[in-house]
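J.: model.pdb is the file, holding PDB, C-alpha atoms, pLDDT in the B column:
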ATOM      1  CA  MET N  22      12.410 -73.682 -26.285  1.00 53.00           C
ATOM      2  CA  ALA N  23      13.262 -77.009 -24.644  1.00 62.00           C
ATOM      3  CA  GLU N  24      16.710 -76.849 -26.245  1.00 72.00           C
ATOM      4  CA  LEU N  25      17.293 -73.370 -24.780  1.00 68.00           C
ATOM      5  CA  THR N  26      16.284 -74.627 -21.355  1.00 73.00           C
ATOM      6  CA  THR N  27      18.672 -77.559 -21.653  1.00 82.00           C
ATOM      7  CA  ILE N  28      21.536 -75.276 -22.650  1.00 83.00           C
ATOM      8  CA  ALA N  29      20.708 -72.692 -19.979  1.00 87.00           C
ATOM      9  CA  ARG N  30      20.251 -75.104 -17.076  1.00 89.00           C
ATOM     10  CA  PRO N  31      23.931 -75.721 -16.159  1.00 90.00           C
ATOM     11  CA  TYR N  32      24.727 -72.001 -16.265  1.00 89.00           C
ATOM     12  CA  ALA N  33      21.677 -71.113 -14.170  1.00 90.00           C
ATOM     13  CA  LYS N  34      22.403 -73.887 -11.675  1.00 91.00           C
ATOM     14  CA  ALA N  35      26.052 -72.875 -11.304  1.00 90.00           C
ATOM     15  CA  ALA N  36      25.118 -69.215 -10.863  1.00 91.00           C
ATOM     16  CA  PHE N  37      22.392 -70.096  -8.369  1.00 90.00           C
ATOM     17  CA  ASP N  38      24.626 -72.389  -6.309  1.00 90.00           C
ATOM     18  CA  PHE N  39      27.315 -69.696  -6.238  1.00 90.00           C
ATOM     19  CA  ALA N  40      24.757 -67.037  -5.252  1.00 90.00           C
ATOM     20  CA  VAL N  41      23.386 -69.161  -2.398  1.00 87.00           C
ATOM     21  CA  GLU N  42      26.873 -69.979  -1.164  1.00 88.00           C
ATOM     22  CA  HIS N  43      27.807 -66.274  -1.112  1.00 87.00           C
ATOM     23  CA  GLN N  44      24.381 -65.132   0.155  1.00 88.00           C
ATOM     24  CA  ALA N  45      23.830 -62.974  -2.900  1.00 87.00           C
ATOM     25  CA  VAL N  46      20.746 -64.484  -4.555  1.00 89.00           C
ATOM     26  CA  GLY N  47      19.026 -61.114  -5.020  1.00 90.00           C
ATOM     27  CA  ALA N  48      22.114 -59.468  -6.491  1.00 92.00           C
ATOM     28  CA  TRP N  49      22.646 -62.362  -8.897  1.00 92.00           C
ATOM     29  CA  GLU N  50      19.025 -62.260  -9.998  1.00 93.00           C
ATOM     30  CA  GLU N  51      19.412 -58.554 -10.813  1.00 93.00           C
ATOM     31  CA  MET N  52      22.706 -59.130 -12.650  1.00 93.00           C
ATOM     32  CA  LEU N  53      21.282 -61.940 -14.759  1.00 91.00           C
ATOM     33  CA  SER N  54      18.131 -59.966 -15.556  1.00 93.00           C
ATOM     34  CA  PHE N  55      20.217 -57.008 -16.703  1.00 92.00           C
ATOM     35  CA  ALA N  56      22.590 -59.184 -18.734  1.00 90.00           C
ATOM     36  CA  ALA N  57      19.577 -60.888 -20.335  1.00 91.00           C
ATOM     37  CA  LEU N  58      18.223 -57.482 -21.381  1.00 91.00           C
ATOM     38  CA  VAL N  59      21.600 -56.589 -22.888  1.00 89.00           C
ATOM     39  CA  SER N  60      21.656 -59.857 -24.854  1.00 88.00           C
ATOM     40  CA  GLU N  61      18.178 -59.106 -26.237  1.00 89.00           C
ATOM     41  CA  ASN N  62      19.141 -55.581 -27.338  1.00 85.00           C
ATOM     42  CA  GLU N  63      18.789 -55.093 -31.104  1.00 85.00           C
ATOM     43  CA  SER N  64      22.311 -53.658 -31.393  1.00 82.00           C
ATOM     44  CA  MET N  65      23.841 -56.537 -29.455  1.00 81.00           C
ATOM     45  CA  LYS N  66      22.005 -59.471 -31.073  1.00 80.00           C
ATOM     46  CA  PRO N  67      24.000 -59.517 -34.345  1.00 79.00           C
ATOM     47  CA  LEU N  68      27.267 -59.602 -32.394  1.00 79.00           C
ATOM     48  CA  LEU N  69      26.223 -62.723 -30.494  1.00 77.00           C
ATOM     49  CA  ASN N  70      26.195 -64.808 -33.679  1.00 75.00           C
ATOM     50  CA  GLY N  71      29.960 -65.046 -34.094  1.00 71.00           C
ATOM     51  CA  ALA N  72      30.669 -61.590 -35.533  1.00 71.00           C
ATOM     52  CA  LEU N  73      33.401 -61.096 -32.892  1.00 78.00           C
ATOM     53  CA  SER N  74      35.890 -63.402 -31.214  1.00 82.00           C
ATOM     54  CA  SER N  75      34.750 -64.674 -27.830  1.00 81.00           C
ATOM     55  CA  ASP N  76      37.297 -62.504 -25.974  1.00 84.00           C
ATOM     56  CA  LYS N  77      36.260 -59.312 -27.767  1.00 86.00           C
ATOM     57  CA  LEU N  78      32.582 -60.161 -27.382  1.00 84.00           C
ATOM     58  CA  ALA N  79      32.977 -60.800 -23.646  1.00 85.00           C
ATOM     59  CA  ASP N  80      34.876 -57.523 -23.199  1.00 87.00           C
ATOM     60  CA  LEU N  81      32.247 -55.577 -25.135  1.00 86.00           C
ATOM     61  CA  PHE N  82      29.407 -57.251 -23.270  1.00 84.00           C
ATOM     62  CA  ILE N  83      31.034 -56.510 -19.899  1.00 87.00           C
ATOM     63  CA  LYS N  84      31.602 -52.867 -20.895  1.00 88.00           C
ATOM     64  CA  VAL N  85      27.958 -52.508 -21.896  1.00 86.00           C
ATOM     65  CA  CYS N  86      26.828 -54.056 -18.598  1.00 85.00           C
ATOM     66  CA  GLY N  87      29.147 -51.741 -16.676  1.00 86.00           C
ATOM     67  CA  GLU N  88      28.678 -51.673 -12.919  1.00 88.00           C
ATOM     68  CA  GLN N  89      25.486 -53.711 -13.177  1.00 88.00           C
ATOM     69  CA  VAL N  90      27.601 -56.892 -13.250  1.00 88.00           C
ATOM     70  CA  ASP N  91      30.247 -57.648 -10.604  1.00 90.00           C
ATOM     71  CA  VAL N  92      33.500 -59.593 -11.072  1.00 90.00           C
ATOM     72  CA  ASN N  93      31.808 -62.971 -10.593  1.00 89.00           C
ATOM     73  CA  GLY N  94      29.091 -62.062 -13.083  1.00 89.00           C
ATOM     74  CA  GLN N  95      31.798 -60.991 -15.511  1.00 88.00           C
ATOM     75  CA  ASN N  96      33.398 -64.427 -15.146  1.00 90.00           C
ATOM     76  CA  LEU N  97      30.089 -66.054 -16.064  1.00 88.00           C
ATOM     77  CA  ILE N  98      29.816 -63.794 -19.113  1.00 88.00           C
ATOM     78  CA  LYS N  99      33.357 -64.719 -20.180  1.00 89.00           C
ATOM     79  CA  VAL N 100      32.623 -68.449 -19.889  1.00 89.00           C
ATOM     80  CA  MET N 101      29.340 -68.102 -21.765  1.00 87.00           C
ATOM     81  CA  ALA N 102      31.025 -66.031 -24.503  1.00 86.00           C
ATOM     82  CA  GLU N 103      33.769 -68.625 -24.812  1.00 88.00           C
ATOM     83  CA  ASN N 104      31.107 -71.288 -25.386  1.00 87.00           C
ATOM     84  CA  ASN N 105      29.007 -69.079 -27.726  1.00 86.00           C
ATOM     85  CA  ARG N 106      26.112 -69.093 -25.252  1.00 86.00           C
ATOM     86  CA  LEU N 107      25.472 -65.405 -24.503  1.00 85.00           C
ATOM     87  CA  GLY N 108      22.291 -65.645 -26.567  1.00 86.00           C
ATOM     88  CA  VAL N 109      20.722 -67.939 -23.954  1.00 89.00           C
ATOM     89  CA  LEU N 110      21.104 -65.413 -21.117  1.00 90.00           C
ATOM     90  CA  PRO N 111      17.324 -64.744 -21.005  1.00 91.00           C
ATOM     91  CA  ALA N 112      16.719 -68.478 -20.450  1.00 91.00           C
ATOM     92  CA  VAL N 113      19.485 -68.550 -17.815  1.00 92.00           C
ATOM     93  CA  ALA N 114      17.820 -65.644 -15.985  1.00 93.00           C
ATOM     94  CA  GLN N 115      14.436 -67.374 -16.171  1.00 92.00           C
ATOM     95  CA  GLN N 116      15.846 -70.664 -14.837  1.00 92.00           C
ATOM     96  CA  PHE N 117      17.632 -68.765 -12.060  1.00 92.00           C
ATOM     97  CA  VAL N 118      14.285 -67.295 -10.951  1.00 92.00           C
ATOM     98  CA  GLU N 119      12.768 -70.781 -10.936  1.00 89.00           C
ATOM     99  CA  TYR N 120      15.625 -72.057  -8.760  1.00 89.00           C
ATOM    100  CA  ARG N 121      15.152 -69.090  -6.415  1.00 88.00           C
ATOM    101  CA  LEU N 122      11.432 -69.721  -6.094  1.00 82.00           C
ATOM    102  CA  GLU N 123      12.047 -73.404  -5.368  1.00 81.00           C
ATOM    103  CA  TRP N 124      14.758 -72.526  -2.850  1.00 82.00           C
ATOM    104  CA  ALA N 125      12.528 -69.957  -1.131  1.00 79.00           C
ATOM    105  CA  LYS N 126       9.596 -72.376  -1.185  1.00 81.00           C
ATOM    106  CA  GLU N 127       7.583 -69.868  -3.168  1.00 78.00           C
ATOM    107  CA  VAL N 128       5.508 -70.259  -6.260  1.00 83.00           C
ATOM    108  CA  GLU N 129       4.084 -67.638  -8.572  1.00 85.00           C
ATOM    109  CA  ALA N 130       0.485 -68.225  -9.531  1.00 89.00           C
ATOM    110  CA  THR N 131      -1.490 -66.508 -12.242  1.00 90.00           C
ATOM    111  CA  VAL N 132      -5.165 -65.938 -11.534  1.00 92.00           C
ATOM    112  CA  THR N 133      -7.265 -64.937 -14.528  1.00 91.00           C
ATOM    113  CA  SER N 134     -10.828 -63.990 -13.692  1.00 90.00           C
ATOM    114  CA  ALA N 135     -13.836 -62.785 -15.639  1.00 87.00           C
ATOM    115  CA  THR N 136     -14.231 -59.785 -13.315  1.00 87.00           C
ATOM    116  CA  GLU N 137     -11.989 -57.899 -10.908  1.00 91.00           C
ATOM    117  CA  LEU N 138     -11.416 -59.959  -7.745  1.00 89.00           C
ATOM    118  CA  THR N 139     -12.038 -58.462  -4.321  1.00 91.00           C
ATOM    119  CA  THR N 140      -9.265 -58.362  -1.726  1.00 92.00           C
ATOM    120  CA  GLU N 141     -11.138 -61.048   0.206  1.00 94.00           C
ATOM    121  CA  GLN N 142     -11.297 -63.350  -2.835  1.00 91.00           C
ATOM    122  CA  VAL N 143      -7.582 -62.871  -3.553  1.00 91.00           C
ATOM    123  CA  GLN N 144      -6.783 -63.690   0.075  1.00 92.00           C
ATOM    124  CA  GLN N 145      -8.987 -66.809  -0.011  1.00 92.00           C
ATOM    125  CA  ILE N 146      -7.340 -68.059  -3.228  1.00 90.00           C
ATOM    126  CA  SER N 147      -3.893 -67.376  -1.783  1.00 90.00           C
ATOM    127  CA  VAL N 148      -4.616 -69.279   1.445  1.00 91.00           C
ATOM    128  CA  SER N 149      -6.113 -72.232  -0.437  1.00 90.00           C
ATOM    129  CA  LEU N 150      -3.156 -72.466  -2.823  1.00 88.00           C
ATOM    130  CA  GLU N 151      -0.618 -72.175   0.012  1.00 87.00           C
ATOM    131  CA  LYS N 152      -2.334 -75.049   1.787  1.00 88.00           C
ATOM    132  CA  ARG N 153      -2.548 -77.186  -1.363  1.00 86.00           C
ATOM    133  CA  LEU N 154       1.014 -76.505  -2.576  1.00 81.00           C
ATOM    134  CA  ALA N 155       2.683 -76.240   0.853  1.00 80.00           C
ATOM    135  CA  ARG N 156       4.490 -73.083  -0.299  1.00 79.00           C
ATOM    136  CA  LYS N 157       4.202 -69.337  -0.122  1.00 83.00           C
ATOM    137  CA  VAL N 158       2.166 -68.121  -3.079  1.00 86.00           C
ATOM    138  CA  LYS N 159       2.582 -64.856  -4.956  1.00 87.00           C
ATOM    139  CA  LEU N 160      -0.515 -64.096  -7.011  1.00 89.00           C
ATOM    140  CA  ASN N 161      -0.526 -62.226 -10.314  1.00 89.00           C
ATOM    141  CA  CYS N 162      -4.143 -61.347 -11.054  1.00 91.00           C
ATOM    142  CA  SER N 163      -5.607 -60.330 -14.400  1.00 91.00           C
ATOM    143  CA  VAL N 164      -9.055 -59.971 -15.950  1.00 91.00           C
ATOM    144  CA  ASP N 165     -10.267 -61.726 -19.114  1.00 88.00           C
ATOM    145  CA  THR N 166     -13.925 -61.044 -19.874  1.00 84.00           C
ATOM    146  CA  GLY N 167     -13.890 -63.914 -22.386  1.00 83.00           C
ATOM    147  CA  LEU N 168     -14.115 -66.372 -19.485  1.00 79.00           C
ATOM    148  CA  ILE N 169     -17.772 -65.332 -18.986  1.00 81.00           C
ATOM    149  CA  ALA N 170     -17.506 -66.089 -15.225  1.00 87.00           C
ATOM    150  CA  GLY N 171     -15.179 -67.874 -12.819  1.00 86.00           C
ATOM    151  CA  VAL N 172     -11.380 -68.080 -12.647  1.00 89.00           C
ATOM    152  CA  ILE N 173      -8.406 -69.951 -14.103  1.00 90.00           C
ATOM    153  CA  ILE N 174      -5.483 -70.500 -11.740  1.00 89.00           C
ATOM    154  CA  LYS N 175      -2.052 -71.545 -13.002  1.00 90.00           C
ATOM    155  CA  ALA N 176       0.760 -72.349 -10.568  1.00 86.00           C
ATOM    156  CA  GLY N 177       3.671 -74.227 -12.127  1.00 76.00           C
ATOM    157  CA  ASP N 178       2.226 -77.427 -13.615  1.00 79.00           C
ATOM    158  CA  LEU N 179      -1.065 -77.029 -11.737  1.00 84.00           C
ATOM    159  CA  VAL N 180      -3.975 -75.594 -13.718  1.00 88.00           C
ATOM    160  CA  ILE N 181      -7.382 -75.140 -12.124  1.00 87.00           C
ATOM    161  CA  ASP N 182     -10.002 -74.091 -14.648  1.00 87.00           C
ATOM    162  CA  GLY N 183     -13.123 -72.966 -12.825  1.00 84.00           C
ATOM    163  CA  SER N 184     -14.306 -70.711 -15.628  1.00 82.00           C
ATOM    164  CA  VAL N 185     -17.668 -71.022 -17.334  1.00 81.00           C
ATOM    165  CA  ARG N 186     -15.858 -71.053 -20.701  1.00 82.00           C
ATOM    166  CA  GLY N 187     -13.778 -74.061 -19.522  1.00 80.00           C
ATOM    167  CA  LYS N 188     -16.867 -75.879 -18.266  1.00 82.00           C
ATOM    168  CA  LEU N 189     -18.661 -75.276 -21.559  1.00 83.00           C
ATOM    169  CA  ASN N 190     -15.644 -76.605 -23.486  1.00 83.00           C
ATOM    170  CA  ARG N 191     -15.527 -79.757 -21.319  1.00 84.00           C
ATOM    171  CA  LEU N 192     -19.286 -80.274 -21.765  1.00 85.00           C
ATOM    172  CA  SER N 193     -18.899 -79.864 -25.545  1.00 85.00           C
ATOM    173  CA  ASP N 194     -16.089 -82.454 -25.573  1.00 87.00           C
ATOM    174  CA  LYS N 195     -18.218 -84.957 -23.642  1.00 85.00           C
ATOM    175  CA  LEU N 196     -21.218 -84.444 -25.902  1.00 88.00           C
ATOM    176  CA  GLN N 197     -19.091 -85.030 -29.009  1.00 86.00           C
ATOM    177  CA  SER N 198     -17.614 -88.304 -27.752  1.00 73.00           C
TER     178      SER N 198
END
Would you mind giving the structure from this file in structure tokens?
T.:
Amino acid sequence: MAELTTIARPYAKAAFDFAVEHQAVGAWEEMLSFAALVSENESMKPLLNGALSSDKLADLFIKVCGEQVDVNGQNLIKVMAENNRLGVLPAVAQQFVEYRLEWAKEVEATVTSATELTTEQVQQISVSLEKRLARKVKLNCSVDTGLIAGVIIKAGDLVIDGSVRGKLNRLSDKLQS
């Protein structure tokens, strides 16, 4: 996975810089997401492994994408095909989203709780995270009854484990050492 990220980074950065310069970040995010889906398609995957020349592959890929990809997106596809990198499009799309979130000073946080959170609790978590991270926070909430009680919050590299399961695991570790 780290190798994919390393390969994808220059493409994502170039696409993001171009998108910001041309005030088309949203359009580029949609194009890259669509192109990533095309590259993951079961019919397309075998062709990405050198079955076609880079020119033919780029042409086919662009035809499949159709109007979903503009001229500038087509240029990116041609360059990536030339370098045998169309297979990393999902990683490019993911990196692009990370650049967009950083640029917009937003962070996506995942909140996993033992029970369904109330609107008030979601708001309180959101406000606390925004204050701590100095960014806008978009929460993705889910329920995992295995936590027994409490919540686990993940935002980028930050992990806050306030679950009973996490506390029991930490207590067990301390008792064993």
J.: Name the residues within 10 Å of (29.4, -66.9, -30.4), counting only C-alpha atoms in the file's coordinates, and put them as a count of residues only.
T.: 19
J.: Counting only C-alpha atoms, figure out which residue out of N:Ile181, N:Val85, N:Val132, N:Ile146 gets nearest to Ser64 (chain N).
T.: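 Checking each of N:Ile181, N:Val85, N:Val132, N:Ile146 against Ser64 (chain N), counting only C-alpha atoms, the winner is N:Val85.
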J.: Show which residues sit within 9 Å of Ser60 (chain N), as a PyMOL selection string. Count only C-alpha atoms, and ignore same-chain residues fewer than 5 positions away.
T.: chain N and resi 55+65-66+69+82+107-111
J.: With the cut-off set at 10 Å and counting only C-alpha atoms, tabulate each residue of region 75-125 of chain N with an atom at most that distance from an atom of region 42-50 of chain N, showing the nearest atom pair and its distance in Å to one decimal, ordered by chain and increasing number, as CSV.
T.:
residue,atom,partner,partner_atom,distance
N:Gln89,CA,N:Ala48,CA,9.4
N:Val90,CA,N:Trp49,CA,8.6
N:Asp91,CA,N:Trp49,CA,9.1
N:Asn93,CA,N:Trp49,CA,9.3
N:Gly94,CA,N:Trp49,CA,7.7
N:Ala114,CA,N:Glu50,CA,7.0
N:Gln115,CA,N:Glu50,CA,9.2
N:Phe117,CA,N:Glu50,CA,7.0
N:Val118,CA,N:Glu50,CA,7.0
N:Arg121,CA,N:Val46,CA,7.5
J.: Keeping only C-alpha atoms, write the selected residues as a PDB file, keeping the file's coordinate frame.
T.:
ATOM      1  CA  GLN N  89      25.486 -53.711 -13.177  1.00 88.00           C
ATOM      2  CA  VAL N  90      27.601 -56.892 -13.250  1.00 88.00           C
ATOM      3  CA  ASP N  91      30.247 -57.648 -10.604  1.00 90.00           C
ATOM      4  CA  ASN N  93      31.808 -62.971 -10.593  1.00 89.00           C
ATOM      5  CA  GLY N  94      29.091 -62.062 -13.083  1.00 89.00           C
ATOM      6  CA  ALA N 114      17.820 -65.644 -15.985  1.00 93.00           C
ATOM      7  CA  GLN N 115      14.436 -67.374 -16.171  1.00 92.00           C
ATOM      8  CA  PHE N 117      17.632 -68.765 -12.060  1.00 92.00           C
ATOM      9  CA  VAL N 118      14.285 -67.295 -10.951  1.00 92.00           C
ATOM     10  CA  ARG N 121      15.152 -69.090  -6.415  1.00 88.00           C
TER      11      ARG N 121
END
J.: Which residue out of N:Ser193, N:Val113, N:Lys188, N:Asp80 has the minimum interatomic distance to Ala36 (chain N) when only C-alpha atoms are used?
T.: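 Of N:Ser193, N:Val113, N:Lys188, N:Asp80, the one nearest Ala36 (chain N), counting only C-alpha atoms, is N:Val113.
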J.: Ranking N:Glu141, N:Cys86, N:Thr133, N:Gly187 by minimum distance to Leu58 (chain N) and counting all atoms listed in the file, which one comes first?
T.: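 Result for the nearest residue to Leu58 (chain N): N:Cys86.
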J.: So the first atom is CA of Arg153 (chain N) and the second is CA of Asp182 (chain N); what is the distance between them in Å, to one decimal place?
T.: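 A separation of 15.5 Å between them.
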J.: Could you list the residues chosen by the PyMOL selection byres ((chain N and resi 158) around 8) in this structure as a list of chain:residue names?
T.: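 Expected selection for the PyMOL selection byres ((chain N and resi 158) around 8) here is N:Glu127, N:Val128, N:Glu129, N:Ala130, N:Ser147, N:Leu150, N:Glu151, N:Arg156, N:Lys157, N:Lys159, N:Leu160.
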J.: Could you give me, as an MDAnalysis selection string, the residues within 9 Å of Thr136 (chain N), counting only C-alpha atoms and dropping anything in the same chain fewer than 6 positions from it?
T.: chainID N and resid 163:166 169:172
J.: Produce the centre coordinates and the three edge lengths, each in Å to one decimal, of the box along x, y and z that contains all listed atoms of region 106-109 of chain N with 5 Å added on each side, as AutoDock Vina command-line options.
T.:
--center_x 23.4 --center_y -67.2 --center_z -25.3 --size_x 15.4 --size_y 13.7 --size_z 12.6
J.: Pick the closest to Asp178 (chain N) from N:Leu154, N:Ala35, N:Cys162, N:Leu196: which is it, counting only C-alpha atoms?
T.: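 So, comparing all the options, the nearest one is N:Leu154.
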J.: Separation of CA of Glu123 (chain N) and CA of Phe37 (chain N), in Å?
T.: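 A separation of 11.3 Å between them.
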J.: Between N:Ala57, N:Ile83, N:Ala135, N:Val100, which residue has the minimum interatomic distance to Pro31 (chain N), considering all atoms listed in the file?
T.: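 For Pro31 (chain N), the nearest of the given residues is N:Val100.
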J.: Just the number, please: distance in Å from CA of Leu81 (chain N) to CA of Phe39 (chain N), one decimal.
T.: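 According to the coordinates, CA of Leu81 (chain N) and CA of Phe39 (chain N) are separated by 24.1 Å.
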J.: Could you check the closest approach to Gly87 (chain N) for each of N:Val59, N:Val148, N:Leu189, N:Val180 and tell me which residue wins, using all atoms listed in the file?
T.: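 Going through N:Val59, N:Val148, N:Leu189, N:Val180 one by one, the smallest distance to Gly87 (chain N) is for N:Val59.
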J.: Determine, counting all atoms listed in the file, which protein, DNA and RNA residues have an atom within 8 Å of an atom of Gln116 (chain N); residues of the same chain fewer than 2 positions away are not included. Present the result as a list in words.
T.: Thr26, Ala29, Arg30, Ala33, Lys34, Ala112, Val113, Ala114, Val118, Glu119 and Tyr120 of chain N
